[in-house]
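A.B. asks: So I've got this file, query_27.pdb, and it contains PDB, C-alpha atoms:
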ATOM      1  CA  MET A 183       8.485  37.133  37.430  1.00  0.00           C
ATOM      2  CA  SER A 184       9.480  39.792  39.945  1.00  0.00           C
ATOM      3  CA  GLY A 185       7.158  42.355  41.489  1.00  0.00           C
ATOM      4  CA  ILE A 186       8.498  45.190  39.346  1.00  0.00           C
ATOM      5  CA  ASP A 187       8.037  43.104  36.193  1.00  0.00           C
ATOM      6  CA  GLU A 188       4.435  42.394  37.161  1.00  0.00           C
ATOM      7  CA  MET A 189       3.899  46.094  37.873  1.00  0.00           C
ATOM      8  CA  ILE A 190       5.261  47.064  34.442  1.00  0.00           C
ATOM      9  CA  GLN A 191       3.130  44.393  32.773  1.00  0.00           C
ATOM     10  CA  ARG A 192      -0.017  45.688  34.487  1.00  0.00           C
ATOM     11  CA  ILE A 193       0.839  49.318  33.637  1.00  0.00           C
ATOM     12  CA  ASN A 194       1.195  48.293  29.993  1.00  0.00           C
ATOM     13  CA  GLU A 195      -2.075  46.325  30.057  1.00  0.00           C
ATOM     14  CA  LEU A 196      -3.931  49.326  31.429  1.00  0.00           C
ATOM     15  CA  TYR A 197      -2.315  51.622  28.872  1.00  0.00           C
ATOM     16  CA  HIS A 198      -3.334  49.402  25.962  1.00  0.00           C
ATOM     17  CA  LYS A 199      -6.853  49.044  27.326  1.00  0.00           C
ATOM     18  CA  SER A 200      -7.117  52.826  27.727  1.00  0.00           C
ATOM     19  CA  GLN A 201      -6.157  53.262  24.082  1.00  0.00           C
ATOM     20  CA  ALA A 202      -8.530  50.571  22.840  1.00  0.00           C
ATOM     21  CA  GLU A 203     -11.680  51.026  24.891  1.00  0.00           C
ATOM     22  CA  GLY A 204     -11.056  53.344  27.830  1.00  0.00           C
ATOM     23  CA  LEU A 205     -10.679  52.676  31.535  1.00  0.00           C
ATOM     24  CA  THR A 206     -13.140  52.599  34.409  1.00  0.00           C
ATOM     25  CA  ALA A 207     -12.620  55.012  37.292  1.00  0.00           C
ATOM     26  CA  GLU A 208     -11.153  52.164  39.377  1.00  0.00           C
ATOM     27  CA  GLU A 209      -8.730  51.243  36.608  1.00  0.00           C
ATOM     28  CA  LYS A 210      -7.643  54.876  36.248  1.00  0.00           C
ATOM     29  CA  GLU A 211      -6.919  54.992  39.981  1.00  0.00           C
ATOM     30  CA  GLU A 212      -4.987  51.711  39.774  1.00  0.00           C
ATOM     31  CA  GLN A 213      -3.006  53.037  36.802  1.00  0.00           C
ATOM     32  CA  ALA A 214      -2.105  56.223  38.709  1.00  0.00           C
ATOM     33  CA  ARG A 215      -1.058  54.223  41.800  1.00  0.00           C
ATOM     34  CA  LEU A 216       1.064  51.825  39.752  1.00  0.00           C
ATOM     35  CA  ARG A 217       2.761  54.635  37.824  1.00  0.00           C
ATOM     36  CA  SER A 218       3.514  56.502  41.047  1.00  0.00           C
ATOM     37  CA  ALA A 219       4.959  53.366  42.669  1.00  0.00           C
ATOM     38  CA  TYR A 220       7.040  52.636  39.567  1.00  0.00           C
ATOM     39  CA  VAL A 221       8.477  56.166  39.456  1.00  0.00           C
ATOM     40  CA  ALA A 222       9.295  56.007  43.185  1.00  0.00           C
ATOM     41  CA  ASN A 223      11.072  52.691  42.610  1.00  0.00           C
ATOM     42  CA  VAL A 224      13.138  54.126  39.746  1.00  0.00           C
ATOM     43  CA  ARG A 225      14.089  57.179  41.831  1.00  0.00           C
ATOM     44  CA  ASN A 226      15.148  55.028  44.786  1.00  0.00           C
ATOM     45  CA  ASN A 227      17.244  52.768  42.567  1.00  0.00           C
ATOM     46  CA  LEU A 228      18.927  55.751  40.907  1.00  0.00           C
ATOM     47  CA  LYS A 229      19.584  57.403  44.259  1.00  0.00           C
ATOM     48  CA  GLY A 230      21.144  54.163  45.534  1.00  0.00           C
ATOM     49  CA  GLN A 231      23.401  53.946  42.496  1.00  0.00           C
ATOM     50  CA  LEU A 232      24.466  57.574  42.733  1.00  0.00           C
ATOM     51  CA  ASN A 233      25.194  57.255  46.458  1.00  0.00           C
ATOM     52  CA  ASN A 234      27.659  54.447  45.678  1.00  0.00           C
ATOM     53  CA  ILE A 235      29.811  56.480  43.284  1.00  0.00           C
ATOM     54  CA  SER A 236      33.333  57.293  44.411  1.00  0.00           C
ATOM     55  CA  ILE A 237      35.732  59.649  42.660  1.00  0.00           C
ATOM     56  CA  VAL A 238      39.508  59.397  42.757  1.00  0.00           C
ATOM     57  CA  GLU A 239      40.821  62.931  43.163  1.00  0.00           C
ATOM     58  CA  LYS A 240      44.018  64.224  41.514  1.00  0.00           C
ATOM     59  CA  ASP A 241      45.900  63.806  44.802  1.00  0.00           C
ATOM     60  CA  GLY A 242      44.861  60.133  45.003  1.00  0.00           C
ATOM     61  CA  THR A 243      42.240  60.502  47.716  1.00  0.00           C
ATOM     62  CA  ILE A 244      38.866  58.894  47.212  1.00  0.00           C
ATOM     63  CA  THR A 245      35.710  60.958  47.676  1.00  0.00           C
ATOM     64  CA  ASN A 246      32.503  59.009  48.216  1.00  0.00           C
ATOM     65  CA  LEU A 247      29.772  61.144  46.667  1.00  0.00           C
ATOM     66  CA  GLY A 248      27.073  59.378  48.667  1.00  0.00           C
ATOM     67  CA  GLU A 249      28.678  60.447  51.909  1.00  0.00           C
ATOM     68  CA  LYS A 250      29.395  63.936  50.573  1.00  0.00           C
ATOM     69  CA  HIS A 251      26.048  64.673  48.871  1.00  0.00           C
ATOM     70  CA  GLY A 252      23.750  61.775  49.748  1.00  0.00           C
ATOM     71  CA  LYS A 253      22.258  63.573  52.715  1.00  0.00           C
ATOM     72  CA  ASN A 254      20.710  66.156  50.379  1.00  0.00           C
ATOM     73  CA  ASP A 255      17.227  64.877  49.590  1.00  0.00           C
ATOM     74  CA  CYS A 256      16.285  66.247  46.168  1.00  0.00           C
TER
END
Turn this file's structure into structure tokens for me.

C.D. replies:
Amino acid sequence: MSGIDEMIQRINELYHKSQAEGLTAEEKEEQARLRSAYVANVRNNLKGQLNNISIVEKDGTITNLGEKHGKNDC
């Protein structure tokens, strides 16, 4: 199992526990940290995918969107 899979599994465990019986303060902090790390991972993966998109223009030239727009940090 990869690190991201383990992170998702733990996030789900904490969610189900919060619904069933509630979380301790430490578990709430862990849940917040894990969710934040997961969202950061998703954003980085999406940014990497978007930076690798190239468009073939009408005149046949290829525009790499990562080189054109990738420097803009949203």

A.B. asks: Nearest to Ile190 (chain A) among A:Glu211, A:Leu216, A:Leu205, A:Ile244, with distances taken over all atoms listed in the file: which residue is it?

C.D. replies: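 Closest candidate: A:Leu216.
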
A.B. asks: What separation in Å, quoted to one decimal, exists between CA of Val221 (chain A) and CA of Glu195 (chain A)?

C.D. replies: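 Spanning CA of Val221 (chain A) to CA of Glu195 (chain A) is a straight-line distance of 17.2 Å.
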
A.B. asks: Evaluate the PyMOL selection byres ((chain A and resi 223-237) around 12) on the structure here and hand back the selected residues as a PyMOL selection string.

C.D. replies: chain A and resi 185-187+189-190+216-222+238-256
